[in-house]
file final_11.cif (mmCIF, C-alpha atoms)
data_work
#
loop_
_atom_site.group_PDB
_atom_site.id
_atom_site.type_symbol
_atom_site.label_atom_id
_atom_site.label_comp_id
_atom_site.auth_asym_id
_atom_site.auth_seq_id
_atom_site.Cartn_x
_atom_site.Cartn_y
_atom_site.Cartn_z
ATOM 1 C CA MET A 121 87.494 133.599 226.246
ATOM 2 C CA HIS A 122 90.923 132.814 224.821
ATOM 3 C CA LEU A 123 93.760 133.960 227.084
ATOM 4 C CA ARG A 124 94.952 136.501 224.510
ATOM 5 C CA HIS A 125 91.489 138.032 224.276
ATOM 6 C CA THR A 126 91.108 138.026 228.058
ATOM 7 C CA LEU A 127 94.353 139.995 228.291
ATOM 8 C CA LEU A 128 93.132 142.398 225.592
ATOM 9 C CA ALA A 129 89.850 143.035 227.424
ATOM 10 C CA THR A 130 91.792 143.667 230.618
ATOM 11 C CA LEU A 131 94.162 145.993 228.755
ATOM 12 C CA VAL A 132 91.238 148.047 227.426
ATOM 13 C CA ALA A 133 89.750 148.301 230.924
ATOM 14 C CA ALA A 134 93.145 149.470 232.185
ATOM 15 C CA ALA A 135 93.409 152.014 229.359
ATOM 16 C CA TRP A 136 89.966 153.386 230.176
ATOM 17 C CA GLY A 137 90.775 153.467 233.883
ATOM 18 C CA PHE A 138 94.035 155.338 233.253
ATOM 19 C CA ASN A 139 92.098 157.747 231.051
ATOM 20 C CA PHE A 140 90.728 159.491 234.145
ATOM 21 C CA VAL A 141 94.282 160.295 235.223
ATOM 22 C CA VAL A 142 94.955 161.613 231.720
ATOM 23 C CA ILE A 143 91.833 163.804 231.838
ATOM 24 C CA HIS A 144 93.049 165.247 235.145
ATOM 25 C CA VAL A 145 96.363 166.108 233.490
ATOM 26 C CA GLY A 146 94.746 167.452 230.330
ATOM 27 C CA ILE A 147 92.406 169.902 232.047
ATOM 28 C CA GLY A 148 95.459 171.304 233.768
ATOM 29 C CA ASP A 149 96.704 172.477 230.365
ATOM 30 C CA PHE A 150 93.430 173.136 228.517
ATOM 31 C CA PRO A 151 90.072 174.578 229.555
ATOM 32 C CA PRO A 152 87.706 171.589 229.985
ATOM 33 C CA LEU A 153 85.394 172.337 227.041
ATOM 34 C CA LEU A 154 88.304 173.016 224.700
ATOM 35 C CA PHE A 155 90.034 169.825 225.836
ATOM 36 C CA SER A 156 86.897 167.831 225.051
ATOM 37 C CA ALA A 157 86.638 169.481 221.619
ATOM 38 C CA LEU A 158 90.239 168.528 220.819
ATOM 39 C CA ARG A 159 89.590 164.959 221.904
ATOM 40 C CA PHE A 160 86.710 164.472 219.470
ATOM 41 C CA THR A 161 88.396 166.356 216.641
ATOM 42 C CA LEU A 162 91.392 164.013 216.727
ATOM 43 C CA ALA A 163 89.165 160.948 217.154
ATOM 44 C CA ALA A 164 87.218 161.868 213.996
ATOM 45 C CA ILE A 165 89.863 163.306 211.691
ATOM 46 C CA PRO A 166 91.416 161.841 209.594
ATOM 47 C CA LEU A 167 89.816 158.431 210.290
ATOM 48 C CA VAL A 168 86.399 159.556 209.107
ATOM 49 C CA PHE A 169 87.834 159.739 205.576
ATOM 50 C CA PHE A 170 88.912 156.089 205.717
ATOM 51 C CA ILE A 171 86.225 154.400 207.835
ATOM 52 C CA ARG A 172 82.854 153.902 206.234
ATOM 53 C CA LYS A 173 79.830 155.473 207.897
ATOM 54 C CA PRO A 174 77.869 152.853 209.852
ATOM 55 C CA ASP A 175 74.423 151.913 208.622
ATOM 56 C CA VAL A 176 72.816 154.176 211.190
ATOM 57 C CA PRO A 177 70.483 157.152 210.512
ATOM 58 C CA TRP A 178 72.048 160.591 210.847
ATOM 59 C CA ARG A 179 69.525 161.526 213.547
ATOM 60 C CA ILE A 180 70.941 158.739 215.738
ATOM 61 C CA ILE A 181 74.531 159.850 215.108
ATOM 62 C CA LEU A 182 73.563 163.448 215.881
ATOM 63 C CA GLY A 183 71.704 162.380 219.020
ATOM 64 C CA ILE A 184 74.574 160.301 220.385
ATOM 65 C CA GLY A 185 77.124 162.932 219.415
ATOM 66 C CA GLY A 186 75.161 165.672 221.147
ATOM 67 C CA MET A 187 74.235 163.820 224.309
ATOM 68 C CA LEU A 188 77.411 161.792 224.771
ATOM 69 C CA GLY A 189 80.014 164.058 223.215
ATOM 70 C CA VAL A 190 78.715 167.512 224.109
ATOM 71 C CA VAL A 191 76.658 167.036 227.280
ATOM 72 C CA LYS A 192 78.217 164.030 229.016
ATOM 73 C CA PHE A 193 81.869 164.852 228.531
ATOM 74 C CA SER A 194 81.384 168.562 229.161
ATOM 75 C CA LEU A 195 79.790 167.808 232.525
ATOM 76 C CA LEU A 196 82.484 165.256 233.386
ATOM 77 C CA PHE A 197 85.442 167.449 232.432
ATOM 78 C CA ILE A 198 84.018 170.514 234.180
ATOM 79 C CA GLY A 199 83.162 168.396 237.230
ATOM 80 C CA MET A 200 86.758 167.187 237.445
ATOM 81 C CA ASP A 201 87.945 170.766 236.994
ATOM 82 C CA VAL A 202 85.850 172.173 239.867
ATOM 83 C CA GLY A 203 86.372 169.492 242.479
ATOM 84 C CA LEU A 204 86.238 165.803 241.583
ATOM 85 C CA SER A 205 89.326 163.605 241.738
ATOM 86 C CA ALA A 206 90.175 161.214 238.926
ATOM 87 C CA GLY A 207 89.640 158.090 241.012
ATOM 88 C CA LEU A 208 86.235 159.142 242.292
ATOM 89 C CA ALA A 209 85.234 160.241 238.787
ATOM 90 C CA SER A 210 85.982 156.742 237.470
ATOM 91 C CA LEU A 211 83.742 155.320 240.180
ATOM 92 C CA VAL A 212 80.805 157.745 240.156
ATOM 93 C CA LEU A 213 80.481 157.631 236.383
ATOM 94 C CA GLN A 214 79.609 153.929 236.549
ATOM 95 C CA THR A 215 76.163 154.853 237.859
ATOM 96 C CA GLN A 216 75.274 155.352 234.194
ATOM 97 C CA ALA A 217 74.366 151.654 234.124
ATOM 98 C CA PHE A 218 71.643 152.178 236.722
ATOM 99 C CA PHE A 219 70.386 155.438 235.257
ATOM 100 C CA THR A 220 70.016 153.523 231.990
ATOM 101 C CA ILE A 221 67.841 150.932 233.748
ATOM 102 C CA ILE A 222 65.686 153.668 235.279
ATOM 103 C CA LEU A 223 65.274 155.535 231.984
ATOM 104 C CA ALA A 224 64.556 152.319 230.082
ATOM 105 C CA GLY A 225 61.751 151.647 232.531
ATOM 106 C CA LEU A 226 60.317 155.164 232.273
ATOM 107 C CA VAL A 227 60.715 155.640 228.515
ATOM 108 C CA LEU A 228 60.619 152.134 227.042
ATOM 109 C CA GLY A 229 58.524 150.364 229.654
ATOM 110 C CA GLU A 230 61.277 147.811 230.362
ATOM 111 C CA ARG A 231 60.721 146.378 233.815
ATOM 112 C CA PRO A 232 63.991 145.900 235.729
ATOM 113 C CA SER A 233 64.713 142.502 237.225
ATOM 114 C CA GLY A 234 65.010 141.938 240.956
ATOM 115 C CA GLY A 235 68.768 141.573 240.563
ATOM 116 C CA GLN A 236 69.027 144.900 238.788
ATOM 117 C CA LEU A 237 67.034 146.616 241.528
ATOM 118 C CA ALA A 238 69.235 145.029 244.181
ATOM 119 C CA GLY A 239 72.383 146.089 242.349
ATOM 120 C CA MET A 240 71.008 149.596 241.996
ATOM 121 C CA PHE A 241 70.309 149.846 245.727
ATOM 122 C CA VAL A 242 73.789 148.613 246.647
ATOM 123 C CA ALA A 243 75.559 150.909 244.171
ATOM 124 C CA PHE A 244 73.619 154.055 245.087
ATOM 125 C CA SER A 245 74.310 153.306 248.759
ATOM 126 C CA GLY A 246 77.958 153.553 247.785
ATOM 127 C CA ILE A 247 77.389 156.877 246.035
ATOM 128 C CA ALA A 248 75.636 158.162 249.161
ATOM 129 C CA LEU A 249 78.756 157.266 251.136
ATOM 130 C CA VAL A 250 80.891 159.138 248.598
ATOM 131 C CA ALA A 251 78.624 162.178 249.042
ATOM 132 C CA SER A 252 79.170 162.021 252.798
ATOM 133 C CA THR A 253 82.884 162.671 252.218
ATOM 134 C CA VAL A 254 82.412 165.999 250.411
ATOM 135 C CA GLY A 255 85.279 168.302 251.287
ATOM 136 C CA GLY A 256 88.943 168.607 250.379
ATOM 137 C CA ASP A 257 89.392 166.966 246.969
ATOM 138 C CA LEU A 258 85.635 166.502 246.490
ATOM 139 C CA SER A 259 83.199 169.374 246.077
ATOM 140 C CA ALA A 260 79.433 169.058 246.042
ATOM 141 C CA LEU A 261 79.400 170.731 242.613
ATOM 142 C CA GLY A 262 81.989 168.340 241.184
ATOM 143 C CA LEU A 263 80.086 165.299 242.452
ATOM 144 C CA SER A 264 76.763 166.666 241.181
ATOM 145 C CA LEU A 265 78.195 167.297 237.719
ATOM 146 C CA ALA A 266 79.625 163.770 237.596
ATOM 147 C CA ILE A 267 76.228 162.294 238.480
ATOM 148 C CA ALA A 268 74.604 164.511 235.836
ATOM 149 C CA SER A 269 77.255 163.274 233.393
ATOM 150 C CA ALA A 270 76.305 159.673 234.190
ATOM 151 C CA LEU A 271 72.640 160.553 233.572
ATOM 152 C CA ALA A 272 73.536 162.104 230.195
ATOM 153 C CA TRP A 273 75.463 158.943 229.330
ATOM 154 C CA ALA A 274 72.374 156.905 230.176
ATOM 155 C CA CYS A 275 70.308 159.070 227.816
ATOM 156 C CA SER A 276 72.822 158.419 225.040
ATOM 157 C CA ASN A 277 72.559 154.678 225.779
ATOM 158 C CA LEU A 278 68.846 154.805 224.972
ATOM 159 C CA ILE A 279 69.598 156.604 221.712
ATOM 160 C CA MET A 280 72.270 153.995 221.011
ATOM 161 C CA LYS A 281 69.667 151.289 221.449
ATOM 162 C CA LYS A 282 67.742 152.800 218.536
ATOM 163 C CA ALA A 283 70.821 152.350 216.352
ATOM 164 C CA GLY A 284 70.675 148.566 216.606
ATOM 165 C CA PRO A 285 73.808 146.501 215.925
ATOM 166 C CA ALA A 286 76.585 148.636 214.476
ATOM 167 C CA ASP A 287 80.361 148.490 214.287
ATOM 168 C CA MET A 288 81.489 150.206 217.473
ATOM 169 C CA LEU A 289 84.645 151.806 216.101
ATOM 170 C CA SER A 290 82.923 153.093 212.971
ATOM 171 C CA LEU A 291 80.066 154.515 215.025
ATOM 172 C CA MET A 292 82.402 156.282 217.453
ATOM 173 C CA VAL A 293 84.490 157.827 214.671
ATOM 174 C CA TRP A 294 81.399 159.250 212.962
ATOM 175 C CA VAL A 295 79.793 160.276 216.263
ATOM 176 C CA SER A 296 83.021 162.149 217.042
ATOM 177 C CA LEU A 297 82.310 164.451 214.091
ATOM 178 C CA ILE A 298 79.397 166.036 215.953
ATOM 179 C CA PRO A 299 80.828 167.477 219.231
ATOM 180 C CA PRO A 300 83.836 169.607 218.123
ATOM 181 C CA LEU A 301 82.031 172.648 216.714
ATOM 182 C CA PRO A 302 79.446 172.974 219.548
ATOM 183 C CA LEU A 303 82.205 172.428 222.115
ATOM 184 C CA VAL A 304 84.451 175.085 220.565
ATOM 185 C CA LEU A 305 81.543 177.547 220.553
ATOM 186 C CA LEU A 306 80.726 176.726 224.189
ATOM 187 C CA SER A 307 84.394 177.077 225.095
ATOM 188 C CA PHE A 308 84.540 180.504 223.445
ATOM 189 C CA LEU A 309 81.360 181.636 225.218
ATOM 190 C CA PHE A 310 82.090 180.300 228.715
ATOM 191 C CA GLU A 311 85.863 179.887 228.886
ATOM 192 C CA GLY A 312 86.746 182.872 226.741
ATOM 193 C CA GLY A 313 88.891 183.488 223.710
ATOM 194 C CA ASP A 314 91.819 184.562 225.865
ATOM 195 C CA ALA A 315 91.861 181.207 227.667
ATOM 196 C CA ILE A 316 91.780 179.348 224.347
ATOM 197 C CA VAL A 317 94.646 181.392 222.913
ATOM 198 C CA ALA A 318 96.658 181.039 226.128
ATOM 199 C CA ALA A 319 96.231 177.249 226.077
ATOM 200 C CA PHE A 320 97.784 176.999 222.619
ATOM 201 C CA GLN A 321 100.476 179.559 223.361
ATOM 202 C CA ASN A 322 101.566 177.597 226.423
ATOM 203 C CA LEU A 323 101.414 174.110 224.954
ATOM 204 C CA ARG A 324 103.405 171.561 226.910
ATOM 205 C CA PRO A 325 104.344 168.014 225.847
ATOM 206 C CA VAL A 326 102.274 166.606 228.720
ATOM 207 C CA GLY A 327 99.148 168.414 227.490
ATOM 208 C CA VAL A 328 99.698 167.281 223.915
ATOM 209 C CA GLY A 329 100.280 163.734 225.141
ATOM 210 C CA ALA A 330 97.080 163.791 227.188
ATOM 211 C CA THR A 331 95.086 164.911 224.150
ATOM 212 C CA LEU A 332 96.602 162.201 221.960
ATOM 213 C CA TYR A 333 95.941 159.555 224.601
ATOM 214 C CA ILE A 334 92.242 160.245 225.061
ATOM 215 C CA ALA A 335 91.720 160.478 221.302
ATOM 216 C CA PHE A 336 93.736 157.518 220.054
ATOM 217 C CA VAL A 337 94.247 155.150 222.992
ATOM 218 C CA ALA A 338 91.046 155.565 225.010
ATOM 219 C CA THR A 339 88.785 156.142 221.993
ATOM 220 C CA ILE A 340 90.212 154.572 218.820
ATOM 221 C CA PHE A 341 92.194 151.676 220.318
ATOM 222 C CA GLY A 342 89.684 151.040 223.097
ATOM 223 C CA PHE A 343 86.638 150.926 220.853
ATOM 224 C CA ALA A 344 88.376 148.943 218.111
ATOM 225 C CA VAL A 345 89.415 146.173 220.502
ATOM 226 C CA TRP A 346 86.229 146.214 222.604
ATOM 227 C CA GLY A 347 84.026 146.085 219.514
ATOM 228 C CA LYS A 348 86.070 143.236 218.030
ATOM 229 C CA LEU A 349 85.792 141.204 221.217
ATOM 230 C CA ILE A 350 82.026 141.756 221.357
ATOM 231 C CA ASN A 351 81.743 140.581 217.757
ATOM 232 C CA ILE A 352 83.634 137.395 218.646
ATOM 233 C CA TYR A 353 82.179 136.527 222.043
ATOM 234 C CA GLY A 354 79.058 138.656 222.466
ATOM 235 C CA ALA A 355 78.437 141.445 224.954
ATOM 236 C CA GLY A 356 77.565 139.057 227.781
ATOM 237 C CA LYS A 357 81.091 137.671 228.022
ATOM 238 C CA VAL A 358 82.915 140.947 227.393
ATOM 239 C CA ALA A 359 80.862 143.359 229.521
ATOM 240 C CA PRO A 360 81.983 141.959 232.917
ATOM 241 C CA TYR A 361 85.491 143.259 232.237
ATOM 242 C CA SER A 362 84.046 146.763 232.549
ATOM 243 C CA LEU A 363 83.968 146.115 236.307
ATOM 244 C CA LEU A 364 87.745 146.561 236.219
ATOM 245 C CA VAL A 365 87.532 150.163 234.969
ATOM 246 C CA PRO A 366 86.855 151.869 238.328
ATOM 247 C CA ILE A 367 89.348 149.547 240.020
ATOM 248 C CA PHE A 368 92.045 150.586 237.553
ATOM 249 C CA GLY A 369 90.872 154.196 237.689
ATOM 250 C CA MET A 370 91.178 154.439 241.456
ATOM 251 C CA SER A 371 94.441 152.478 241.541
ATOM 252 C CA PHE A 372 96.117 154.605 238.865
ATOM 253 C CA SER A 373 94.846 157.793 240.476
ATOM 254 C CA SER A 374 96.419 156.741 243.760
ATOM 255 C CA LEU A 375 99.657 155.671 242.103
ATOM 256 C CA PHE A 376 100.217 158.599 239.737
ATOM 257 C CA LEU A 377 98.305 161.454 241.376
ATOM 258 C CA GLY A 378 98.706 160.526 245.023
ATOM 259 C CA GLU A 379 94.946 160.372 245.567
ATOM 260 C CA GLU A 380 94.078 159.003 248.995
ATOM 261 C CA PHE A 381 90.952 156.996 249.780
ATOM 262 C CA GLY A 382 89.815 156.858 253.368
ATOM 263 C CA PRO A 383 87.822 153.954 254.831
ATOM 264 C CA LEU A 384 84.434 155.417 253.843
ATOM 265 C CA ARG A 385 85.463 155.886 250.212
ATOM 266 C CA LEU A 386 86.932 152.389 250.015
ATOM 267 C CA ILE A 387 83.679 150.960 251.386
ATOM 268 C CA ALA A 388 81.757 153.142 248.910
ATOM 269 C CA ALA A 389 83.887 151.845 246.031
ATOM 270 C CA ALA A 390 83.282 148.252 247.128
ATOM 271 C CA LEU A 391 79.514 148.879 247.244
ATOM 272 C CA VAL A 392 79.418 150.469 243.785
ATOM 273 C CA ILE A 393 81.495 147.685 242.232
ATOM 274 C CA CYS A 394 79.418 145.018 243.980
ATOM 275 C CA GLY A 395 76.260 146.704 242.714
ATOM 276 C CA LEU A 396 77.634 146.666 239.182
ATOM 277 C CA ALA A 397 78.558 142.995 239.544
ATOM 278 C CA ILE A 398 75.053 142.120 240.774
ATOM 279 C CA ASN A 399 73.636 143.968 237.767
ATOM 280 C CA GLN A 400 75.933 142.091 235.374
ATOM 281 C CA LEU A 401 74.898 138.750 236.859
ATOM 282 C CA SER A 402 71.184 139.546 236.891
ATOM 283 C CA GLY A 403 70.561 138.844 233.230
ATOM 284 C CA ARG A 404 68.919 141.597 231.209
ATOM 285 C CA LYS A 405 71.519 144.322 230.804
ATOM 286 C CA PRO A 406 70.792 147.639 229.110
ATOM 287 C CA VAL A 407 72.665 148.599 225.977
ATOM 288 C CA SER A 408 75.725 150.671 226.826
ATOM 289 C CA LEU A 409 77.923 152.487 224.369
ATOM 290 C CA LYS A 410 80.976 151.776 226.507
ATOM 291 C CA PRO A 411 81.677 150.825 230.066
ATOM 292 C CA ALA A 412 83.835 153.683 231.111
ATOM 293 C CA GLU A 413 85.626 156.917 230.726
#

call {"tool": "encode", "arguments": {"input": "final_11.cif", "output": "structure tokens"}}
result
Amino acid sequence: MHLRHTLLATLVAAAWGFNFVVIHVGIGDFPPLLFSALRFTLAAIPLVFFIRKPDVPWRIILGIGGMLGVVKFSLLFIGMDVGLSAGLASLVLQTQAFFTIILAGLVLGERPSGGQLAGMFVAFSGIALVASTVGGDLSALGLSLAIASALAWACSNLIMKKAGPADMLSLMVWVSLIPPLPLVLLSFLFEGGDAIVAAFQNLRPVGVGATLYIAFVATIFGFAVWGKLINIYGAGKVAPYSLLVPIFGMSFSSLFLGEEFGPLRLIAAALVICGLAINQLSGRKPVSLKPAE
């Protein structure tokens, strides 16, 4: 890859890694489900009026929007709200790659390669180590919800595969139309009208900034650049940069939030990242809507 494009891919990985810090900040000002609804509302409007709908059936857009936008992000945001630090969230969520392999085997009959199985074993060994550190800034519920979020992401990857080749930015903008209404309804039912009203009455610049970041930087900018690079070089050359996302996520969480990683968690992170690297090098890689966040 050209140096400029290498720097752009690295910048997107950094933006997606920093996004976990931003989510942590955002759910401090907004209830998690409401915060997710705001994210997708801003990502869809007004761009949906200017970006043409991708040549993808509505059932695929609805499926991705429901599974990725409603289920995956709800589980992730709630998990971070009830006991999952930003750095660990950026790491645990990467197991979506291996859940995608498992589901592709069960649903599509795609047999994983030996390298993929090896990478899966190494990465899930790392997650087991993370689970052994439950306590303090990590609750069993928060970790479980993050793993469930990764599984939901894997389900959306299989739906994405049905869409075939499509412009990534266009697809994300139109997919972002689906989650807001269900998320607002869920927020009203589970978080309560009083919490929603209070969030808007007590708006702070940091909360507004967090919402704008996840909508425009992590989603619009990230997908626009990532999709462009894939169009130029192909997914095989661009995808390895996704390995930087948990590294950036954990580093930024430590730097800006003061998150501390003991020896076990550092070993766990190394195992997960090594597992992902083995998977990337093994050849057949499952379709993934995005590598992080």

call {"tool": "atom_distance", "arguments": {"input": "final_11.cif", "atom1": "atom CA of A:Ala129", "atom2": "atom CA of A:Gly225"}}
result
29.8 Å

call {"tool": "resolve_selection", "arguments": {"input": "final_11.cif", "expression": "the PyMOL selection byres ((chain A and resi 153) around 8)", "output": "list in words"}}
result
Pro151, Pro152, Leu154, Phe155, Ser156, Ala157, Ser194, Phe197, Ile198, Leu303, Val304, Leu306, Ser307 and Glu311 of chain A

call {"tool": "closest_residue", "arguments": {"input": "final_11.cif", "among": "A:Gly256, A:Pro325, A:Pro300, A:Gly186", "to": "A:Leu204", "atoms": "only C-alpha atoms"}}
result
A:Gly256

call {"tool": "resolve_selection", "arguments": {"input": "final_11.cif", "expression": "the PyMOL selection byres ((chain A and resi 249) around 10)", "output": "PyMOL selection string"}}
result
chain A and resi 243-248+250-254+384-389+391

call {"tool": "residues_around", "arguments": {"input": "final_11.cif", "residues": "A:Phe140", "least_positions_apart": "3", "cutoff": "8 Å", "atoms": "all atoms listed in the file", "output": "PDB file with C-alpha atoms, in the frame of the given file"}}
result
ATOM      1  CA  TRP A 136      89.966 153.386 230.176  1.00  0.00           C
ATOM      2  CA  GLY A 137      90.775 153.467 233.883  1.00  0.00           C
ATOM      3  CA  ILE A 143      91.833 163.804 231.838  1.00  0.00           C
ATOM      4  CA  HIS A 144      93.049 165.247 235.145  1.00  0.00           C
ATOM      5  CA  ALA A 206      90.175 161.214 238.926  1.00  0.00           C
ATOM      6  CA  GLY A 207      89.640 158.090 241.012  1.00  0.00           C
ATOM      7  CA  ALA A 209      85.234 160.241 238.787  1.00  0.00           C
ATOM      8  CA  SER A 210      85.982 156.742 237.470  1.00  0.00           C
ATOM      9  CA  GLY A 369      90.872 154.196 237.689  1.00  0.00           C
ATOM     10  CA  SER A 373      94.846 157.793 240.476  1.00  0.00           C
ATOM     11  CA  GLU A 413      85.626 156.917 230.726  1.00  0.00           C
TER      12      GLU A 413
END

call {"tool": "atom_distance", "arguments": {"input": "final_11.cif", "atom1": "atom CA of A:Ala238", "atom2": "atom CA of A:Ile221"}}
result
12.1 Å

call {"tool": "resolve_selection", "arguments": {"input": "final_11.cif", "expression": "the PyMOL selection byres ((chain A and resi 178) around 12)", "output": "PDB file with C-alpha atoms, keeping the file's coordinate frame"}}
result
ATOM      1  CA  LYS A 173      79.830 155.473 207.897  1.00  0.00           C
ATOM      2  CA  PRO A 174      77.869 152.853 209.852  1.00  0.00           C
ATOM      3  CA  ASP A 175      74.423 151.913 208.622  1.00  0.00           C
ATOM      4  CA  VAL A 176      72.816 154.176 211.190  1.00  0.00           C
ATOM      5  CA  PRO A 177      70.483 157.152 210.512  1.00  0.00           C
ATOM      6  CA  ARG A 179      69.525 161.526 213.547  1.00  0.00           C
ATOM      7  CA  ILE A 180      70.941 158.739 215.738  1.00  0.00           C
ATOM      8  CA  ILE A 181      74.531 159.850 215.108  1.00  0.00           C
ATOM      9  CA  LEU A 182      73.563 163.448 215.881  1.00  0.00           C
ATOM     10  CA  GLY A 183      71.704 162.380 219.020  1.00  0.00           C
ATOM     11  CA  ILE A 184      74.574 160.301 220.385  1.00  0.00           C
ATOM     12  CA  GLY A 185      77.124 162.932 219.415  1.00  0.00           C
ATOM     13  CA  GLY A 186      75.161 165.672 221.147  1.00  0.00           C
ATOM     14  CA  ILE A 279      69.598 156.604 221.712  1.00  0.00           C
ATOM     15  CA  LYS A 282      67.742 152.800 218.536  1.00  0.00           C
ATOM     16  CA  ALA A 283      70.821 152.350 216.352  1.00  0.00           C
ATOM     17  CA  LEU A 291      80.066 154.515 215.025  1.00  0.00           C
ATOM     18  CA  TRP A 294      81.399 159.250 212.962  1.00  0.00           C
ATOM     19  CA  VAL A 295      79.793 160.276 216.263  1.00  0.00           C
ATOM     20  CA  LEU A 297      82.310 164.451 214.091  1.00  0.00           C
ATOM     21  CA  ILE A 298      79.397 166.036 215.953  1.00  0.00           C
TER      22      ILE A 298
END

call {"tool": "closest_residue", "arguments": {"input": "final_11.cif", "among": "A:Asn277, A:Gln236, A:Thr220, A:Ser264", "to": "A:Ala397", "atoms": "all atoms listed in the file"}}
result
A:Gln236

call {"tool": "atom_distance", "arguments": {"input": "final_11.cif", "atom1": "atom CA of A:Ala319", "atom2": "atom CA of A:Lys192"}}
result
22.5 Å

call {"tool": "residues_near_point", "arguments": {"input": "final_11.cif", "point": "(90.5, 153.1, 231.9)", "cutoff": "12 Å", "atoms": "only C-alpha atoms", "output": "PyMOL selection string"}}
result
chain A and resi 129-143+206-207+209-211+213-214+333-334+337-339+341-343+361-373+410-413

call {"tool": "axis_aligned_box", "arguments": {"input": "final_11.cif", "around": "stretch 392-401 of chain A", "padding_each_side": "4 Å", "output": "lines of an AutoDock Vina configuration file"}}
result
center_x = 77.6
center_y = 144.6
center_z = 239.7
size_x = 15.9
size_y = 19.7
size_z = 16.6

call {"tool": "closest_residue", "arguments": {"input": "final_11.cif", "among": "A:Ala260, A:Ala270, A:Leu265, A:Leu289", "to": "A:Ile350", "atoms": "only C-alpha atoms"}}
result
A:Leu289

call {"tool": "closest_residue", "arguments": {"input": "final_11.cif", "among": "A:Leu228, A:Ala217, A:Leu237, A:Val293", "to": "A:Pro166", "atoms": "all atoms listed in the file"}}
result
A:Val293

call {"tool": "decode", "arguments": {"input": "final_11.cif", "residues": "stretch 174-186 of chain A", "atoms": "N, CA, C and O atoms", "output": "PDB file, in the first residue's frame"}}
result
ATOM      1  N   PRO A 174     -27.738   1.655  -1.591  1.00  0.00           N
ATOM      2  CA  PRO A 174     -26.956   0.614  -2.265  1.00  0.00           C
ATOM      3  C   PRO A 174     -27.878  -0.402  -2.928  1.00  0.00           C
ATOM      4  O   PRO A 174     -29.038  -0.555  -2.546  1.00  0.00           O
ATOM      5  N   ASP A 175     -27.337  -1.085  -3.908  1.00  0.00           N
ATOM      6  CA  ASP A 175     -28.126  -2.092  -4.628  1.00  0.00           C
ATOM      7  C   ASP A 175     -28.199  -3.364  -3.794  1.00  0.00           C
ATOM      8  O   ASP A 175     -27.645  -4.412  -4.140  1.00  0.00           O
ATOM      9  N   VAL A 176     -28.905  -3.240  -2.687  1.00  0.00           N
ATOM     10  CA  VAL A 176     -29.050  -4.324  -1.719  1.00  0.00           C
ATOM     11  C   VAL A 176     -30.520  -4.429  -1.339  1.00  0.00           C
ATOM     12  O   VAL A 176     -31.169  -3.402  -1.112  1.00  0.00           O
ATOM     13  N   PRO A 177     -31.102  -5.623  -1.284  1.00  0.00           N
ATOM     14  CA  PRO A 177     -32.521  -5.766  -0.922  1.00  0.00           C
ATOM     15  C   PRO A 177     -32.809  -5.178   0.459  1.00  0.00           C
ATOM     16  O   PRO A 177     -31.969  -5.231   1.360  1.00  0.00           O
ATOM     17  N   TRP A 178     -34.030  -4.666   0.616  1.00  0.00           N
ATOM     18  CA  TRP A 178     -34.412  -4.064   1.891  1.00  0.00           C
ATOM     19  C   TRP A 178     -34.341  -5.084   3.032  1.00  0.00           C
ATOM     20  O   TRP A 178     -34.034  -4.724   4.179  1.00  0.00           O
ATOM     21  N   ARG A 179     -34.614  -6.348   2.752  1.00  0.00           N
ATOM     22  CA  ARG A 179     -34.577  -7.344   3.826  1.00  0.00           C
ATOM     23  C   ARG A 179     -33.163  -7.477   4.400  1.00  0.00           C
ATOM     24  O   ARG A 179     -32.998  -7.734   5.600  1.00  0.00           O
ATOM     25  N   ILE A 180     -32.149  -7.278   3.551  1.00  0.00           N
ATOM     26  CA  ILE A 180     -30.764  -7.336   4.027  1.00  0.00           C
ATOM     27  C   ILE A 180     -30.455  -6.106   4.872  1.00  0.00           C
ATOM     28  O   ILE A 180     -29.838  -6.208   5.941  1.00  0.00           O
ATOM     29  N   ILE A 181     -30.885  -4.939   4.411  1.00  0.00           N
ATOM     30  CA  ILE A 181     -30.672  -3.702   5.170  1.00  0.00           C
ATOM     31  C   ILE A 181     -31.378  -3.788   6.520  1.00  0.00           C
ATOM     32  O   ILE A 181     -30.819  -3.414   7.556  1.00  0.00           O
ATOM     33  N   LEU A 182     -32.606  -4.286   6.517  1.00  0.00           N
ATOM     34  CA  LEU A 182     -33.353  -4.442   7.767  1.00  0.00           C
ATOM     35  C   LEU A 182     -32.665  -5.442   8.694  1.00  0.00           C
ATOM     36  O   LEU A 182     -32.578  -5.233   9.911  1.00  0.00           O
ATOM     37  N   GLY A 183     -32.174  -6.542   8.119  1.00  0.00           N
ATOM     38  CA  GLY A 183     -31.514  -7.561   8.926  1.00  0.00           C
ATOM     39  C   GLY A 183     -30.238  -7.050   9.571  1.00  0.00           C
ATOM     40  O   GLY A 183     -30.000  -7.256  10.770  1.00  0.00           O
ATOM     41  N   ILE A 184     -29.410  -6.360   8.789  1.00  0.00           N
ATOM     42  CA  ILE A 184     -28.168  -5.811   9.334  1.00  0.00           C
ATOM     43  C   ILE A 184     -28.476  -4.723  10.357  1.00  0.00           C
ATOM     44  O   ILE A 184     -27.881  -4.677  11.441  1.00  0.00           O
ATOM     45  N   GLY A 185     -29.436  -3.851  10.008  1.00  0.00           N
ATOM     46  CA  GLY A 185     -29.791  -2.779  10.927  1.00  0.00           C
ATOM     47  C   GLY A 185     -30.307  -3.305  12.257  1.00  0.00           C
ATOM     48  O   GLY A 185     -29.968  -2.775  13.320  1.00  0.00           O
ATOM     49  N   GLY A 186     -31.115  -4.366  12.207  1.00  0.00           N
ATOM     50  CA  GLY A 186     -31.655  -4.923  13.435  1.00  0.00           C
ATOM     51  C   GLY A 186     -30.607  -5.640  14.259  1.00  0.00           C
ATOM     52  O   GLY A 186     -30.469  -5.409  15.463  1.00  0.00           O
TER      53      GLY A 186
END
